[in-house]
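Below: one structure, written as structure tokens.
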Amino acid sequence: MSDCLFCKFVSEELETEKVYEDEHVLGFKDIYPQAKEHYLFIAKEHTKNINELVTQNPEDIARVYSAISQFTREKGLDQSGFRVVTNLGKYGGQTIFHTHFHVLGGEQLSSFGS
Ligand code: 5GP
Ligand code: ZN
């Protein structure tokens with residue numbers, strides 16, 4: 001999508017700090033980290049949110065989670081633990097409308113509901 005920031009990272013029209021890349025998936029550092037380690041993982045093919053992704057490109061779910069799994073094992077984040085989050089729409093706090101998965105870790109994260 002021509003006016004999508006994350007598509008511009010995929011096409012390299014804009015630079016970002018990549019941490020993972022394969023044929024279908026890109027992982028990069030979040031510019032405003034909400035934890036000591038904060039990465040964003042996306043399928044290169046544009047969809048606007050998780051619900052569109054599962055409808056249009058369900059195979060990309062496995063590809064993104066496989067990439068996250070490989071990356072977190074290589075970084076040792078799986079030893080200490082990490083969180084994967086995706087936001088959808090206004091109440092979910094979504095601000096970038098190219099489906100993305102936050103990977104947060106490197107420190108103790110707060111529990112939900114406490
Ligand atoms: P959302 O709020 O849509 O779930 O997440 C969007 C994320 O994109 C935010 O965590 C925000 O910090 C990150 N972000 C916004 N602009 C940029 C940018 O130009 N580069 C990078 N690497 N991350 C960005
Ligand atoms: Zn896009």
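The chains in the structure tokens are called A, B, ... from first to last as shown; in each chain the residues are counted from 1, and the ligands are counted from 1 in the order shown.
With only C-alpha atoms taken into account, the protein and nucleic acid residues at most 12 Å from Tyr32 (chain A) (excluding it and anything under 6 positions from it in its own chain) are His38, Tyr39, Leu40, His102 and Leu104 of chain A.
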With a cut-off of 6 Å, could you pull out the residues of chain A touching ligand 1 and give me the nearest pair of atoms for each, distance in Å to one decimal, using only C-alpha atoms and all ligand atoms, ordered by chain and ascending number, as CSV?
```
residue,atom,partner,partner_atom_place_in_ligand_line,distance
A:Thr16,CA,ligand 1,22 (N),5.8
A:Lys29,CA,ligand 1,22 (N),5.2
A:Asp30,CA,ligand 1,22 (N),4.1
A:Ile31,CA,ligand 1,23 (N),4.1
A:Tyr32,CA,ligand 1,12 (O),4.2
A:Asn87,CA,ligand 1,4 (O),4.8
A:Gly93,CA,ligand 1,2 (O),5.3
A:Gln94,CA,ligand 1,3 (O),3.6
A:Thr95,CA,ligand 1,3 (O),3.6
A:Ile96,CA,ligand 1,3 (O),4.0
```
Checklist line | Neighbourhood of ligand 2 at 6 Å, counting only C-alpha atoms and all ligand atoms, reported as a VMD selection string | finding: chain A and resid 1 4 6 to 7 46 98
Margin query: From a backbone DSSP assignment, name each residue in region 8-112 of chain A labelled alpha helix (DSSP H), as a count of residues only.
Written below: 36
DSSP on the backbone, strand (DSSP E or B) only: what residues of chain A does that give? Format it as a PDB file with all heavy atoms, in the first residue's frame.
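Once everything was written out, this is part22.pdb:
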```
ATOM      1  N   LYS A  18      16.040  -3.170  11.295  1.00  0.00           N
ATOM      2  CA  LYS A  18      15.553  -4.543  11.134  1.00  0.00           C
ATOM      3  C   LYS A  18      16.239  -5.486  12.114  1.00  0.00           C
ATOM      4  O   LYS A  18      17.440  -5.364  12.359  1.00  0.00           O
ATOM      5  CB  LYS A  18      15.837  -5.037   9.717  1.00  0.00           C
ATOM      6  CG  LYS A  18      15.074  -4.316   8.637  1.00  0.00           C
ATOM      7  CD  LYS A  18      15.426  -4.905   7.265  1.00  0.00           C
ATOM      8  CE  LYS A  18      14.803  -4.071   6.157  1.00  0.00           C
ATOM      9  NZ  LYS A  18      15.110  -4.591   4.821  1.00  0.00           N
ATOM     10  N   VAL A  19      15.464  -6.436  12.617  1.00  0.00           N
ATOM     11  CA  VAL A  19      16.053  -7.473  13.479  1.00  0.00           C
ATOM     12  C   VAL A  19      15.811  -8.863  12.903  1.00  0.00           C
ATOM     13  O   VAL A  19      16.426  -9.838  13.338  1.00  0.00           O
ATOM     14  CB  VAL A  19      15.495  -7.399  14.918  1.00  0.00           C
ATOM     15  CG1 VAL A  19      15.882  -6.080  15.582  1.00  0.00           C
ATOM     16  CG2 VAL A  19      13.989  -7.597  14.959  1.00  0.00           C
ATOM     17  N   TYR A  20      14.898  -8.959  11.936  1.00  0.00           N
ATOM     18  CA  TYR A  20      14.564 -10.259  11.344  1.00  0.00           C
ATOM     19  C   TYR A  20      14.005 -10.012   9.954  1.00  0.00           C
ATOM     20  O   TYR A  20      13.215  -9.082   9.754  1.00  0.00           O
ATOM     21  CB  TYR A  20      13.506 -10.988  12.195  1.00  0.00           C
ATOM     22  CG  TYR A  20      13.082 -12.294  11.574  1.00  0.00           C
ATOM     23  CD1 TYR A  20      13.694 -13.492  11.939  1.00  0.00           C
ATOM     24  CD2 TYR A  20      12.098 -12.329  10.582  1.00  0.00           C
ATOM     25  CE1 TYR A  20      13.344 -14.679  11.323  1.00  0.00           C
ATOM     26  CE2 TYR A  20      11.748 -13.518   9.966  1.00  0.00           C
ATOM     27  CZ  TYR A  20      12.374 -14.686  10.340  1.00  0.00           C
ATOM     28  OH  TYR A  20      12.036 -15.863   9.731  1.00  0.00           O
ATOM     29  N   GLU A  21      14.372 -10.865   9.006  1.00  0.00           N
ATOM     30  CA  GLU A  21      13.731 -10.778   7.687  1.00  0.00           C
ATOM     31  C   GLU A  21      13.784 -12.119   6.997  1.00  0.00           C
ATOM     32  O   GLU A  21      14.794 -12.817   7.019  1.00  0.00           O
ATOM     33  CB  GLU A  21      14.430  -9.723   6.810  1.00  0.00           C
ATOM     34  CG  GLU A  21      13.695  -9.520   5.482  1.00  0.00           C
ATOM     35  CD  GLU A  21      14.066  -8.229   4.771  1.00  0.00           C
ATOM     36  OE1 GLU A  21      15.154  -7.674   5.047  1.00  0.00           O
ATOM     37  OE2 GLU A  21      13.251  -7.786   3.917  1.00  0.00           O
ATOM     38  N   VAL A  25       8.192 -12.178   6.012  1.00  0.00           N
ATOM     39  CA  VAL A  25       8.060 -11.511   7.320  1.00  0.00           C
ATOM     40  C   VAL A  25       9.206 -10.535   7.550  1.00  0.00           C
ATOM     41  O   VAL A  25      10.351 -10.800   7.157  1.00  0.00           O
ATOM     42  CB  VAL A  25       8.051 -12.567   8.458  1.00  0.00           C
ATOM     43  CG1 VAL A  25       7.968 -11.899   9.832  1.00  0.00           C
ATOM     44  CG2 VAL A  25       6.903 -13.550   8.268  1.00  0.00           C
ATOM     45  N   LEU A  26       8.871  -9.413   8.203  1.00  0.00           N
ATOM     46  CA  LEU A  26       9.888  -8.449   8.638  1.00  0.00           C
ATOM     47  C   LEU A  26       9.703  -8.190  10.131  1.00  0.00           C
ATOM     48  O   LEU A  26       8.568  -8.023  10.603  1.00  0.00           O
ATOM     49  CB  LEU A  26       9.705  -7.138   7.855  1.00  0.00           C
ATOM     50  CG  LEU A  26      10.748  -6.050   8.068  1.00  0.00           C
ATOM     51  CD1 LEU A  26      12.117  -6.493   7.550  1.00  0.00           C
ATOM     52  CD2 LEU A  26      10.326  -4.764   7.358  1.00  0.00           C
ATOM     53  N   GLY A  27      10.824  -8.134  10.863  1.00  0.00           N
ATOM     54  CA  GLY A  27      10.814  -7.749  12.274  1.00  0.00           C
ATOM     55  C   GLY A  27      11.735  -6.544  12.443  1.00  0.00           C
ATOM     56  O   GLY A  27      12.820  -6.502  11.848  1.00  0.00           O
ATOM     57  N   PHE A  28      11.319  -5.558  13.220  1.00  0.00           N
ATOM     58  CA  PHE A  28      12.132  -4.346  13.415  1.00  0.00           C
ATOM     59  C   PHE A  28      11.874  -3.763  14.799  1.00  0.00           C
ATOM     60  O   PHE A  28      10.871  -4.074  15.446  1.00  0.00           O
ATOM     61  CB  PHE A  28      11.857  -3.301  12.316  1.00  0.00           C
ATOM     62  CG  PHE A  28      10.402  -2.996  12.077  1.00  0.00           C
ATOM     63  CD1 PHE A  28       9.805  -1.906  12.704  1.00  0.00           C
ATOM     64  CD2 PHE A  28       9.634  -3.792  11.249  1.00  0.00           C
ATOM     65  CE1 PHE A  28       8.464  -1.608  12.490  1.00  0.00           C
ATOM     66  CE2 PHE A  28       8.285  -3.515  11.032  1.00  0.00           C
ATOM     67  CZ  PHE A  28       7.703  -2.424  11.641  1.00  0.00           C
ATOM     68  N   LYS A  29      12.786  -2.902  15.245  1.00  0.00           N
ATOM     69  CA  LYS A  29      12.652  -2.292  16.570  1.00  0.00           C
ATOM     70  C   LYS A  29      11.548  -1.251  16.561  1.00  0.00           C
ATOM     71  O   LYS A  29      11.443  -0.465  15.612  1.00  0.00           O
ATOM     72  CB  LYS A  29      13.968  -1.620  16.979  1.00  0.00           C
ATOM     73  CG  LYS A  29      15.036  -2.610  17.339  1.00  0.00           C
ATOM     74  CD  LYS A  29      16.210  -1.902  18.002  1.00  0.00           C
ATOM     75  CE  LYS A  29      17.243  -2.942  18.416  1.00  0.00           C
ATOM     76  NZ  LYS A  29      18.435  -2.331  19.000  1.00  0.00           N
ATOM     77  N   GLU A  37      12.979  -4.388  25.709  1.00  0.00           N
ATOM     78  CA  GLU A  37      13.051  -4.943  24.347  1.00  0.00           C
ATOM     79  C   GLU A  37      11.656  -4.836  23.754  1.00  0.00           C
ATOM     80  O   GLU A  37      10.683  -5.329  24.346  1.00  0.00           O
ATOM     81  CB  GLU A  37      13.464  -6.415  24.392  1.00  0.00           C
ATOM     82  CG  GLU A  37      14.683  -6.660  25.244  1.00  0.00           C
ATOM     83  CD  GLU A  37      15.888  -7.124  24.456  1.00  0.00           C
ATOM     84  OE1 GLU A  37      15.851  -7.090  23.216  1.00  0.00           O
ATOM     85  OE2 GLU A  37      16.857  -7.528  25.110  1.00  0.00           O
ATOM     86  N   HIS A  38      11.556  -4.171  22.623  1.00  0.00           N
ATOM     87  CA  HIS A  38      10.242  -3.965  21.982  1.00  0.00           C
ATOM     88  C   HIS A  38      10.438  -4.012  20.468  1.00  0.00           C
ATOM     89  O   HIS A  38      11.088  -3.138  19.896  1.00  0.00           O
ATOM     90  CB  HIS A  38       9.639  -2.630  22.414  1.00  0.00           C
ATOM     91  CG  HIS A  38       8.228  -2.418  21.949  1.00  0.00           C
ATOM     92  ND1 HIS A  38       7.474  -1.342  22.360  1.00  0.00           N
ATOM     93  CD2 HIS A  38       7.428  -3.128  21.110  1.00  0.00           C
ATOM     94  CE1 HIS A  38       6.273  -1.400  21.803  1.00  0.00           C
ATOM     95  NE2 HIS A  38       6.231  -2.468  21.024  1.00  0.00           N
ATOM     96  N   TYR A  39       9.874  -5.045  19.859  1.00  0.00           N
ATOM     97  CA  TYR A  39      10.004  -5.247  18.421  1.00  0.00           C
ATOM     98  C   TYR A  39       8.613  -5.341  17.804  1.00  0.00           C
ATOM     99  O   TYR A  39       7.640  -5.678  18.485  1.00  0.00           O
ATOM    100  CB  TYR A  39      10.773  -6.548  18.134  1.00  0.00           C
ATOM    101  CG  TYR A  39      12.080  -6.621  18.888  1.00  0.00           C
ATOM    102  CD1 TYR A  39      12.173  -7.350  20.085  1.00  0.00           C
ATOM    103  CD2 TYR A  39      13.202  -5.944  18.438  1.00  0.00           C
ATOM    104  CE1 TYR A  39      13.358  -7.387  20.802  1.00  0.00           C
ATOM    105  CE2 TYR A  39      14.393  -5.980  19.153  1.00  0.00           C
ATOM    106  CZ  TYR A  39      14.471  -6.704  20.334  1.00  0.00           C
ATOM    107  OH  TYR A  39      15.645  -6.736  21.043  1.00  0.00           O
ATOM    108  N   LEU A  40       8.559  -5.070  16.502  1.00  0.00           N
ATOM    109  CA  LEU A  40       7.317  -5.241  15.754  1.00  0.00           C
ATOM    110  C   LEU A  40       7.575  -6.260  14.654  1.00  0.00           C
ATOM    111  O   LEU A  40       8.584  -6.163  13.940  1.00  0.00           O
ATOM    112  CB  LEU A  40       6.877  -3.902  15.138  1.00  0.00           C
ATOM    113  CG  LEU A  40       6.600  -2.777  16.146  1.00  0.00           C
ATOM    114  CD1 LEU A  40       6.392  -1.457  15.416  1.00  0.00           C
ATOM    115  CD2 LEU A  40       5.398  -3.106  17.013  1.00  0.00           C
ATOM    116  N   PHE A  41       6.675  -7.220  14.537  1.00  0.00           N
ATOM    117  CA  PHE A  41       6.765  -8.225  13.479  1.00  0.00           C
ATOM    118  C   PHE A  41       5.550  -8.080  12.572  1.00  0.00           C
ATOM    119  O   PHE A  41       4.414  -7.969  13.055  1.00  0.00           O
ATOM    120  CB  PHE A  41       6.834  -9.647  14.073  1.00  0.00           C
ATOM    121  CG  PHE A  41       8.230 -10.016  14.488  1.00  0.00           C
ATOM    122  CD1 PHE A  41       8.832  -9.420  15.589  1.00  0.00           C
ATOM    123  CD2 PHE A  41       8.965 -10.946  13.752  1.00  0.00           C
ATOM    124  CE1 PHE A  41      10.133  -9.737  15.957  1.00  0.00           C
ATOM    125  CE2 PHE A  41      10.268 -11.269  14.109  1.00  0.00           C
ATOM    126  CZ  PHE A  41      10.857 -10.668  15.213  1.00  0.00           C
ATOM    127  N   ILE A  42       5.808  -8.079  11.267  1.00  0.00           N
ATOM    128  CA  ILE A  42       4.722  -7.924  10.287  1.00  0.00           C
ATOM    129  C   ILE A  42       4.882  -8.933   9.158  1.00  0.00           C
ATOM    130  O   ILE A  42       6.004  -9.361   8.840  1.00  0.00           O
ATOM    131  CB  ILE A  42       4.708  -6.501   9.664  1.00  0.00           C
ATOM    132  CG1 ILE A  42       6.000  -6.208   8.883  1.00  0.00           C
ATOM    133  CG2 ILE A  42       4.491  -5.439  10.741  1.00  0.00           C
ATOM    134  CD1 ILE A  42       5.953  -4.908   8.066  1.00  0.00           C
ATOM    135  N   ALA A  43       3.748  -9.288   8.550  1.00  0.00           N
ATOM    136  CA  ALA A  43       3.796  -9.963   7.252  1.00  0.00           C
ATOM    137  C   ALA A  43       4.052  -8.872   6.218  1.00  0.00           C
ATOM    138  O   ALA A  43       3.527  -7.761   6.331  1.00  0.00           O
ATOM    139  CB  ALA A  43       2.480 -10.668   6.975  1.00  0.00           C
ATOM    140  N   PHE A  82       8.471 -13.381  27.321  1.00  0.00           N
ATOM    141  CA  PHE A  82       8.122 -12.207  26.523  1.00  0.00           C
ATOM    142  C   PHE A  82       6.620 -12.234  26.266  1.00  0.00           C
ATOM    143  O   PHE A  82       5.921 -13.196  26.596  1.00  0.00           O
ATOM    144  CB  PHE A  82       8.906 -12.200  25.194  1.00  0.00           C
ATOM    145  CG  PHE A  82       8.616 -13.360  24.286  1.00  0.00           C
ATOM    146  CD1 PHE A  82       7.624 -13.286  23.316  1.00  0.00           C
ATOM    147  CD2 PHE A  82       9.327 -14.556  24.399  1.00  0.00           C
ATOM    148  CE1 PHE A  82       7.358 -14.351  22.477  1.00  0.00           C
ATOM    149  CE2 PHE A  82       9.062 -15.628  23.577  1.00  0.00           C
ATOM    150  CZ  PHE A  82       8.078 -15.530  22.611  1.00  0.00           C
ATOM    151  N   ARG A  83       6.119 -11.147  25.680  1.00  0.00           N
ATOM    152  CA  ARG A  83       4.690 -11.002  25.399  1.00  0.00           C
ATOM    153  C   ARG A  83       4.495 -10.631  23.930  1.00  0.00           C
ATOM    154  O   ARG A  83       5.277  -9.829  23.394  1.00  0.00           O
ATOM    155  CB  ARG A  83       4.112  -9.904  26.305  1.00  0.00           C
ATOM    156  CG  ARG A  83       2.632  -9.644  26.128  1.00  0.00           C
ATOM    157  CD  ARG A  83       2.145  -8.630  27.161  1.00  0.00           C
ATOM    158  NE  ARG A  83       2.212  -9.172  28.510  1.00  0.00           N
ATOM    159  CZ  ARG A  83       2.125  -8.451  29.634  1.00  0.00           C
ATOM    160  NH1 ARG A  83       1.974  -7.136  29.560  1.00  0.00           N
ATOM    161  NH2 ARG A  83       2.190  -9.038  30.813  1.00  0.00           N
ATOM    162  N   VAL A  84       3.465 -11.195  23.310  1.00  0.00           N
ATOM    163  CA  VAL A  84       3.096 -10.820  21.937  1.00  0.00           C
ATOM    164  C   VAL A  84       1.709 -10.194  21.989  1.00  0.00           C
ATOM    165  O   VAL A  84       0.789 -10.783  22.575  1.00  0.00           O
ATOM    166  CB  VAL A  84       3.073 -12.045  20.994  1.00  0.00           C
ATOM    167  CG1 VAL A  84       2.716 -11.615  19.562  1.00  0.00           C
ATOM    168  CG2 VAL A  84       4.402 -12.772  21.015  1.00  0.00           C
ATOM    169  N   VAL A  85       1.578  -9.008  21.398  1.00  0.00           N
ATOM    170  CA  VAL A  85       0.310  -8.271  21.436  1.00  0.00           C
ATOM    171  C   VAL A  85      -0.005  -7.725  20.053  1.00  0.00           C
ATOM    172  O   VAL A  85       0.890  -7.235  19.361  1.00  0.00           O
ATOM    173  CB  VAL A  85       0.402  -7.063  22.408  1.00  0.00           C
ATOM    174  CG1 VAL A  85      -0.886  -6.240  22.387  1.00  0.00           C
ATOM    175  CG2 VAL A  85       0.716  -7.509  23.820  1.00  0.00           C
ATOM    176  N   PHE A 101       2.571  -7.214  15.158  1.00  0.00           N
ATOM    177  CA  PHE A 101       2.594  -7.939  16.425  1.00  0.00           C
ATOM    178  C   PHE A 101       3.733  -7.359  17.261  1.00  0.00           C
ATOM    179  O   PHE A 101       4.888  -7.425  16.859  1.00  0.00           O
ATOM    180  CB  PHE A 101       2.807  -9.435  16.172  1.00  0.00           C
ATOM    181  CG  PHE A 101       1.677 -10.044  15.380  1.00  0.00           C
ATOM    182  CD1 PHE A 101       1.658  -9.927  13.993  1.00  0.00           C
ATOM    183  CD2 PHE A 101       0.628 -10.683  16.010  1.00  0.00           C
ATOM    184  CE1 PHE A 101       0.599 -10.457  13.261  1.00  0.00           C
ATOM    185  CE2 PHE A 101      -0.431 -11.212  15.284  1.00  0.00           C
ATOM    186  CZ  PHE A 101      -0.446 -11.099  13.903  1.00  0.00           C
ATOM    187  N   HIS A 102       3.360  -6.775  18.409  1.00  0.00           N
ATOM    188  CA  HIS A 102       4.368  -6.258  19.328  1.00  0.00           C
ATOM    189  C   HIS A 102       5.004  -7.441  20.053  1.00  0.00           C
ATOM    190  O   HIS A 102       4.280  -8.308  20.564  1.00  0.00           O
ATOM    191  CB  HIS A 102       3.729  -5.362  20.381  1.00  0.00           C
ATOM    192  CG  HIS A 102       3.055  -4.135  19.834  1.00  0.00           C
ATOM    193  ND1 HIS A 102       3.636  -2.891  19.861  1.00  0.00           N
ATOM    194  CD2 HIS A 102       1.842  -3.964  19.253  1.00  0.00           C
ATOM    195  CE1 HIS A 102       2.809  -1.999  19.323  1.00  0.00           C
ATOM    196  NE2 HIS A 102       1.709  -2.627  18.954  1.00  0.00           N
ATOM    197  N   VAL A 103       6.320  -7.463  20.130  1.00  0.00           N
ATOM    198  CA  VAL A 103       7.035  -8.450  20.946  1.00  0.00           C
ATOM    199  C   VAL A 103       7.753  -7.663  22.038  1.00  0.00           C
ATOM    200  O   VAL A 103       8.622  -6.833  21.753  1.00  0.00           O
ATOM    201  CB  VAL A 103       8.038  -9.251  20.100  1.00  0.00           C
ATOM    202  CG1 VAL A 103       8.848 -10.203  20.977  1.00  0.00           C
ATOM    203  CG2 VAL A 103       7.314 -10.024  19.001  1.00  0.00           C
ATOM    204  N   LEU A 104       7.325  -7.891  23.276  1.00  0.00           N
ATOM    205  CA  LEU A 104       7.818  -7.104  24.412  1.00  0.00           C
ATOM    206  C   LEU A 104       8.509  -8.019  25.409  1.00  0.00           C
ATOM    207  O   LEU A 104       7.997  -9.100  25.725  1.00  0.00           O
ATOM    208  CB  LEU A 104       6.632  -6.427  25.115  1.00  0.00           C
ATOM    209  CG  LEU A 104       5.821  -5.472  24.241  1.00  0.00           C
ATOM    210  CD1 LEU A 104       4.345  -5.570  24.550  1.00  0.00           C
ATOM    211  CD2 LEU A 104       6.301  -4.054  24.410  1.00  0.00           C
ATOM    212  N   GLY A 105       9.655  -7.566  25.919  1.00  0.00           N
ATOM    213  CA  GLY A 105      10.350  -8.387  26.909  1.00  0.00           C
ATOM    214  C   GLY A 105      11.566  -7.651  27.446  1.00  0.00           C
ATOM    215  O   GLY A 105      11.648  -6.429  27.374  1.00  0.00           O
TER     216      GLY A 105
END
```
Check: At what distance in Å, to one decimal, does CA of Lys36 (chain A) lie from CA of Gly106 (chain A)?
Finding: 5.2 Å
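Nearest to Arg63 (chain A) of all the residues A:Lys44, A:His100, A:Lys75, A:His24 is A:His24, based on only C-alpha atoms.
With CA of Glu17 (chain A) on one side and CA of Phe71 (chain A) on the other, the separation reads 14.6 Å.
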